[in-house]
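Listing of start_30.txt; format and content: compact mmCIF, C-alpha atoms.
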# COMPACT_ATOMS: atom_id res chain seq x y z
CA MET W 1 0.00 0.00 0.00
CA GLY W 2 1.72 3.18 -1.17
CA TRP W 3 1.31 6.78 -0.09
CA ILE W 4 -0.18 8.05 -3.35
CA THR W 5 -3.58 7.11 -4.75
CA GLU W 6 -2.84 4.78 -7.61
CA THR W 7 -4.22 4.94 -11.12
CA THR W 8 -5.16 1.85 -13.10
CA ALA W 9 -1.80 1.48 -14.90
CA SER W 10 -0.39 -2.00 -15.35
CA THR W 11 2.73 -1.63 -13.21
CA PRO W 12 3.21 -0.33 -9.66
CA LEU W 13 5.49 2.57 -10.63
CA GLU W 14 3.24 3.74 -13.45
CA ALA W 15 0.18 3.40 -11.23
CA VAL W 16 1.64 6.14 -9.04
CA LEU W 17 3.31 8.30 -11.67
CA GLY W 18 0.09 8.03 -13.68
CA GLN W 19 -1.28 10.84 -11.53
CA ARG W 20 0.56 13.00 -14.06
CA PRO W 21 -0.07 11.14 -17.36
CA GLU W 22 1.85 13.53 -19.62
CA LEU W 23 4.81 13.65 -17.24
CA LEU W 24 4.80 9.86 -17.04
CA LYS W 25 4.72 9.55 -20.84
CA ARG W 26 7.71 11.87 -21.22
CA TYR W 27 9.66 10.35 -18.33
CA ARG W 28 9.16 6.87 -19.78
CA ALA W 29 10.43 8.04 -23.19
CA PHE W 30 13.43 9.69 -21.52
CA CYS W 31 14.42 6.59 -19.52
CA GLN W 32 14.08 4.42 -22.60
CA THR W 33 16.90 6.29 -24.36
CA PHE W 34 19.55 4.71 -22.11
CA TRP W 35 18.84 1.38 -23.80
CA GLU W 36 17.65 2.75 -27.14
CA ASP W 37 20.82 4.72 -27.89
CA GLY W 38 23.12 1.74 -27.28
CA LEU W 39 26.01 3.90 -26.06
CA VAL W 40 26.59 1.74 -23.00
CA PRO W 41 26.53 -2.07 -23.22
CA ARG W 42 23.23 -3.47 -22.02
CA ARG W 43 24.93 -5.72 -19.48
CA THR W 44 26.81 -2.74 -18.03
CA LEU W 45 23.56 -0.82 -17.61
CA GLU W 46 22.01 -3.78 -15.84
CA LEU W 47 25.00 -4.16 -13.50
CA CYS W 48 24.91 -0.46 -12.62
CA ARG W 49 21.13 -0.45 -12.13
CA LEU W 50 21.31 -3.41 -9.75
CA ARG W 51 24.34 -2.06 -7.87
CA ILE W 52 22.48 1.20 -7.20
CA ALA W 53 19.40 -0.77 -6.11
CA ALA W 54 21.61 -2.76 -3.72
CA ILE W 55 23.13 0.38 -2.21
CA HIS W 56 19.66 1.79 -1.59
CA ASP W 57 18.45 -1.60 -0.36
CA CYS W 58 15.58 -1.00 -2.79
CA ALA W 59 13.75 -4.32 -2.95
CA GLN W 60 11.37 -3.01 -5.61
CA GLU W 61 14.16 -2.16 -8.08
CA TRP W 62 16.21 -5.23 -7.14
CA ALA W 63 13.26 -7.50 -7.99
CA ILE W 64 13.36 -6.38 -11.63
CA ARG W 65 15.71 -8.06 -14.12
CA ASP W 66 16.64 -7.49 -17.73
CA GLY W 67 15.62 -10.74 -19.43
CA GLN W 68 18.31 -10.26 -22.07
CA VAL W 69 21.16 -10.07 -19.56
CA ALA W 70 21.97 -13.39 -17.95
CA LEU W 71 23.71 -12.78 -14.63
CA ASN W 72 24.78 -15.83 -12.65
CA ASN W 73 24.24 -16.22 -8.92
CA ALA W 74 27.84 -15.33 -8.09
CA GLU W 75 27.55 -12.07 -10.03
CA ILE W 76 24.27 -11.18 -8.37
CA ALA W 77 25.75 -11.90 -4.94
CA ALA W 78 28.81 -9.79 -5.80
CA LEU W 79 26.60 -6.88 -6.82
CA LYS W 80 24.70 -7.14 -3.57
CA ARG W 81 27.93 -7.08 -1.54
CA GLY W 82 29.74 -4.51 -3.69
CA GLU W 83 32.53 -6.91 -4.71
CA LEU W 84 33.15 -5.19 -7.99
CA THR W 85 36.40 -7.01 -8.87
CA THR W 86 34.19 -9.92 -9.95
CA PHE W 87 33.49 -8.03 -13.16
CA SER W 88 35.54 -7.15 -16.25
CA ALA W 89 37.86 -4.14 -16.20
CA SER W 90 35.51 -2.17 -18.45
CA GLU W 91 32.49 -3.03 -16.31
CA GLN W 92 34.39 -2.02 -13.20
CA VAL W 93 34.94 1.45 -14.62
CA ALA W 94 31.16 1.90 -14.89
CA LEU W 95 30.41 0.11 -11.63
CA ASN W 96 32.86 2.20 -9.63
CA ILE W 97 30.96 5.31 -10.74
CA ALA W 98 27.56 3.70 -10.09
CA ASP W 99 28.81 2.72 -6.65
CA GLN W 100 29.31 6.38 -5.70
CA ILE W 101 26.31 8.00 -7.38
CA PRO W 102 23.80 7.52 -4.51
CA TYR W 103 25.77 8.95 -1.58
CA GLN W 104 29.34 9.75 -2.66
CA HIS W 105 28.96 11.64 -5.92
CA HIS W 106 31.42 14.35 -4.83
CA GLN W 107 34.10 11.70 -4.39
CA ILE W 108 34.00 10.63 -8.06
CA THR W 109 37.46 11.59 -9.30
CA ASP W 110 38.73 13.10 -12.54
CA ALA W 111 40.50 9.78 -13.18
CA GLN W 112 37.23 7.86 -12.96
CA ILE W 113 35.61 10.18 -15.50
CA THR W 114 38.67 9.90 -17.77
CA ASP W 115 38.44 6.10 -17.54
CA ALA W 116 34.75 6.18 -18.48
CA ASP W 117 35.52 8.50 -21.39
CA ARG W 118 38.20 6.09 -22.62
CA GLU W 119 36.14 2.91 -22.16
CA LEU W 120 32.81 4.18 -23.48
CA THR W 121 33.62 7.29 -25.58
CA THR W 122 32.49 10.69 -24.34
CA ALA W 123 28.92 10.07 -25.51
CA GLY W 124 28.90 6.76 -23.67
CA ALA W 125 30.24 8.37 -20.52
CA VAL W 126 27.49 11.00 -20.62
CA SER W 127 24.91 8.29 -21.23
CA LEU W 128 26.25 6.18 -18.35
CA LEU W 129 26.29 9.10 -15.89
CA THR W 130 22.77 10.14 -16.86
CA ALA W 131 21.49 6.57 -16.61
CA CYS W 132 23.09 6.08 -13.18
CA ALA W 133 21.64 9.35 -11.93
CA PHE W 134 18.15 8.25 -12.92
CA PHE W 135 18.57 4.70 -11.62
CA ASP W 136 19.21 6.51 -8.36
CA VAL W 137 16.08 8.65 -8.87
CA ASN W 138 13.93 5.60 -9.56
CA CYS W 139 15.10 3.89 -6.38
CA ARG W 140 14.36 7.00 -4.35
CA LEU W 141 10.90 7.27 -5.92
CA ARG W 142 10.10 3.63 -5.23
CA ILE W 143 11.27 3.84 -1.61
CA VAL W 144 9.80 7.20 -0.67
CA LEU W 145 6.45 6.50 -2.33
CA ASP W 146 6.44 2.96 -0.93
CA ILE W 147 5.74 1.52 -4.34
CA GLU W 148 4.75 -2.12 -4.38
CA GLU W 149 7.47 -4.73 -4.98
CA ARG W 150 6.56 -6.79 -8.01
CA PRO W 151 9.26 -9.06 -9.50
CA ALA W 152 9.51 -8.78 -13.26
CA GLU W 153 11.75 -9.93 -16.05
CA LEU W 154 11.74 -7.28 -18.71
CA SER W 155 12.10 -7.65 -22.44
CA ALA W 156 13.17 -4.04 -22.87
CA PRO W 157 13.99 -2.36 -19.59
CA PRO W 158 12.92 -0.11 -18.11
CA LEU W 159 9.84 -0.78 -20.20
CA HIS W 160 7.68 -3.77 -19.51
CA HIS W 161 4.92 -4.23 -22.07
CA GLY W 162 5.22 -0.53 -22.83
CA ALA W 163 5.15 0.58 -19.18
CA LEU W 164 7.75 1.54 -16.60
CA ALA W 165 7.99 -1.53 -14.42
CA MET J 1 31.81 23.21 -5.49
CA SER J 2 33.10 22.75 -9.06
CA THR J 3 31.14 24.16 -11.98
CA THR J 4 33.56 23.03 -14.68
CA PRO J 5 32.48 19.94 -16.65
CA ARG J 6 35.08 17.16 -16.69
CA LEU J 7 34.13 16.01 -20.19
CA ALA J 8 34.54 18.03 -23.38
CA PRO J 9 31.50 19.67 -24.99
CA ALA J 10 29.99 17.95 -28.03
CA SER J 11 31.41 20.65 -30.31
CA PRO J 12 34.57 22.70 -29.75
CA GLU J 13 32.61 25.88 -30.55
CA MET J 14 30.30 25.26 -27.63
CA ALA J 15 30.90 26.56 -24.13
CA ALA J 16 31.41 23.70 -21.67
CA ASP J 17 28.12 23.58 -19.79
CA PHE J 18 25.28 21.19 -19.01
CA GLY J 19 23.65 21.61 -22.43
CA SER J 20 26.80 21.17 -24.48
CA LEU J 21 27.74 18.09 -22.49
CA MET J 22 24.30 16.55 -22.90
CA SER J 23 24.58 17.28 -26.64
CA HIS J 24 26.75 14.16 -26.83
CA THR J 25 23.49 12.24 -26.35
CA PRO J 26 20.97 14.30 -28.38
CA ASN J 27 18.15 11.78 -28.06
CA THR J 28 18.47 11.65 -24.28
CA MET J 29 18.85 15.44 -24.07
CA LEU J 30 15.70 16.05 -26.12
CA ARG J 31 13.63 13.66 -24.02
CA PHE J 32 15.10 15.08 -20.83
CA PHE J 33 14.14 18.64 -21.72
CA GLU J 34 10.66 17.49 -22.80
CA THR J 35 10.24 15.89 -19.37
CA TYR J 36 11.68 18.88 -17.56
CA ALA J 37 9.43 21.29 -19.48
CA GLU J 38 6.33 19.30 -18.54
CA PHE J 39 7.46 19.21 -14.94
CA TRP J 40 7.99 22.97 -14.79
CA GLN J 41 5.15 24.20 -16.97
CA ASN J 42 2.29 22.05 -15.74
CA GLY J 43 1.02 20.32 -12.64
CA VAL J 44 -0.59 21.42 -9.39
CA VAL J 45 2.54 22.38 -7.44
CA ALA J 46 3.20 26.16 -7.46
CA GLN J 47 6.27 27.40 -9.34
CA GLU J 48 7.54 28.99 -6.14
CA VAL J 49 7.45 25.66 -4.33
CA LYS J 50 9.21 23.90 -7.20
CA GLU J 51 11.90 26.57 -7.26
CA MET J 52 12.37 26.43 -3.50
CA THR J 53 12.77 22.67 -3.55
CA ARG J 54 15.13 22.86 -6.55
CA MET J 55 17.36 25.33 -4.71
CA ARG J 56 17.21 23.38 -1.47
CA ASN J 57 18.13 20.18 -3.30
CA ALA J 58 21.06 21.95 -5.00
CA ARG J 59 22.28 23.17 -1.62
CA ILE J 60 21.96 19.77 0.06
CA THR J 61 23.76 18.01 -2.78
CA ASP J 62 26.33 20.84 -2.92
CA CYS J 63 25.66 21.44 -6.61
CA GLY J 64 27.14 24.76 -7.74
CA TYR J 65 25.41 24.57 -11.12
Whole structure, structure tokens version:
Amino acid sequence: MGWITETTASTPLEAVLGQRPELLKRYRAFCQTFWEDGLVPRRTLELCRLRIAAIHDCAQEWAIRDGQVALNNAEIAALKRGELTTFSASEQVALNIADQIPYQHHQITDAQITDADRELTTAGAVSLLTACAFFDVNCRLRIVLDIEERPAELSAPPLHHGALA
Amino acid sequence: MSTTPRLAPASPEMAADFGSLMSHTPNTMLRFFETYAEFWQNGVVAQEVKEMTRMRNARITDCGY
């Protein structure tokens, strides 16, 4: 039971954000670009999204998975614990930034940004930083609004059958 | 409180600011500004309240921009 009167949308997040239908429509289209533009590997986006969910202890976001990214149990456990050396060097560059976005964004160094620029191109680095910032936003929204936890495997995250899951 | 972007602008002619940095991802930038415009131009929350919360959020997160 959340704090906001829900609309009849098909997913818990949209049911709340649906109080502002036009805002929801535009926000959904905005979030979709992280995957649509393909500037950051899909697996990297999924790792960063889940790492930020783990830091926030956001069960609602953690319960959602990208059906096209197969993470094994060891990788999922490592994300939960913040053991980032489990992942490739390139993934670690992104994950180290994601790791600091929620509560340590001022501690992200010039070297980390340079590494992201080198690994992903400048456009990719901008895309990654924007995506991480809004993964953080989505966790905060889910937690503060007490949005229902509903596990989902998505075909095109963050969209699930055309809705924000 | 730094206000100097750490990545180059999308074009050397551009000043290094939020817009020129986001220009690296034009699709994302367009959709972001469409969302932001809807947030600011419509809704039931007064502009003054939105502005107050924006400034308070900037202060708490120590964002000089």
Any idea what's packed within 9 Å of region 40-49 of chain J, counting only C-alpha atoms, ignoring anything in its chain fewer than 4 positions away? Could you give it as a PyMOL selection string?
(chain W and resi 20+23) or (chain J and resi 35-36+53-54)
Enumerate, in order of chain and increasing residue number, the residues of chain W with an atom no farther than 9 Å from chain J, each with its shortest atom pair and distance in Å to one decimal, counting all atoms listed in the file, as JSON lines.
{"residue": "W:Arg20", "atom": "CA", "partner": "J:Gly43", "partner_atom": "CA", "distance": 7.5}
{"residue": "W:Glu22", "atom": "CA", "partner": "J:Glu38", "partner_atom": "CA", "distance": 7.4}
{"residue": "W:Leu23", "atom": "CA", "partner": "J:Glu38", "partner_atom": "CA", "distance": 6.0}
{"residue": "W:Leu24", "atom": "CA", "partner": "J:Thr35", "partner_atom": "CA", "distance": 8.4}
{"residue": "W:Lys25", "atom": "CA", "partner": "J:Thr35", "partner_atom": "CA", "distance": 8.5}
{"residue": "W:Arg26", "atom": "CA", "partner": "J:Thr35", "partner_atom": "CA", "distance": 5.1}
{"residue": "W:Tyr27", "atom": "CA", "partner": "J:Thr35", "partner_atom": "CA", "distance": 5.7}
{"residue": "W:Ala29", "atom": "CA", "partner": "J:Arg31", "partner_atom": "CA", "distance": 6.5}
{"residue": "W:Phe30", "atom": "CA", "partner": "J:Arg31", "partner_atom": "CA", "distance": 4.7}
{"residue": "W:Cys31", "atom": "CA", "partner": "J:Thr28", "partner_atom": "CA", "distance": 8.0}
{"residue": "W:Gln32", "atom": "CA", "partner": "J:Thr28", "partner_atom": "CA", "distance": 8.6}
{"residue": "W:Thr33", "atom": "CA", "partner": "J:Thr28", "partner_atom": "CA", "distance": 5.6}
{"residue": "W:Phe34", "atom": "CA", "partner": "J:Thr28", "partner_atom": "CA", "distance": 7.4}
{"residue": "W:Asp37", "atom": "CA", "partner": "J:Asn27", "partner_atom": "CA", "distance": 7.5}
{"residue": "W:Leu39", "atom": "CA", "partner": "J:Thr25", "partner_atom": "CA", "distance": 8.7}
{"residue": "W:His105", "atom": "CA", "partner": "J:Thr61", "partner_atom": "CA", "distance": 8.8}
{"residue": "W:His106", "atom": "CA", "partner": "J:Asp62", "partner_atom": "CA", "distance": 8.5}
{"residue": "W:Asp110", "atom": "CA", "partner": "J:Arg6", "partner_atom": "CA", "distance": 6.9}
{"residue": "W:Ile113", "atom": "CA", "partner": "J:Arg6", "partner_atom": "CA", "distance": 7.1}
{"residue": "W:Thr114", "atom": "CA", "partner": "J:Leu7", "partner_atom": "CA", "distance": 8.0}
{"residue": "W:Asp117", "atom": "CA", "partner": "J:Leu7", "partner_atom": "CA", "distance": 7.7}
{"residue": "W:Thr122", "atom": "CA", "partner": "J:Leu7", "partner_atom": "CA", "distance": 6.9}
{"residue": "W:Ala123", "atom": "CA", "partner": "J:His24", "partner_atom": "CA", "distance": 4.8}
{"residue": "W:Gly124", "atom": "CA", "partner": "J:Thr25", "partner_atom": "CA", "distance": 8.2}
{"residue": "W:Ala125", "atom": "CA", "partner": "J:Leu7", "partner_atom": "CA", "distance": 8.6}
{"residue": "W:Val126", "atom": "CA", "partner": "J:Met22", "partner_atom": "CA", "distance": 6.8}
{"residue": "W:Ser127", "atom": "CA", "partner": "J:Thr25", "partner_atom": "CA", "distance": 6.6}
{"residue": "W:Thr130", "atom": "CA", "partner": "J:Thr28", "partner_atom": "CA", "distance": 8.7}
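Coordinates place CA of Ala78 (chain W) at a distance of 19.2 Å from CA of Pro41 (chain W).
For the pair CA of Val40 (chain W) and CA of Leu95 (chain W), the interatomic distance is 12.1 Å.
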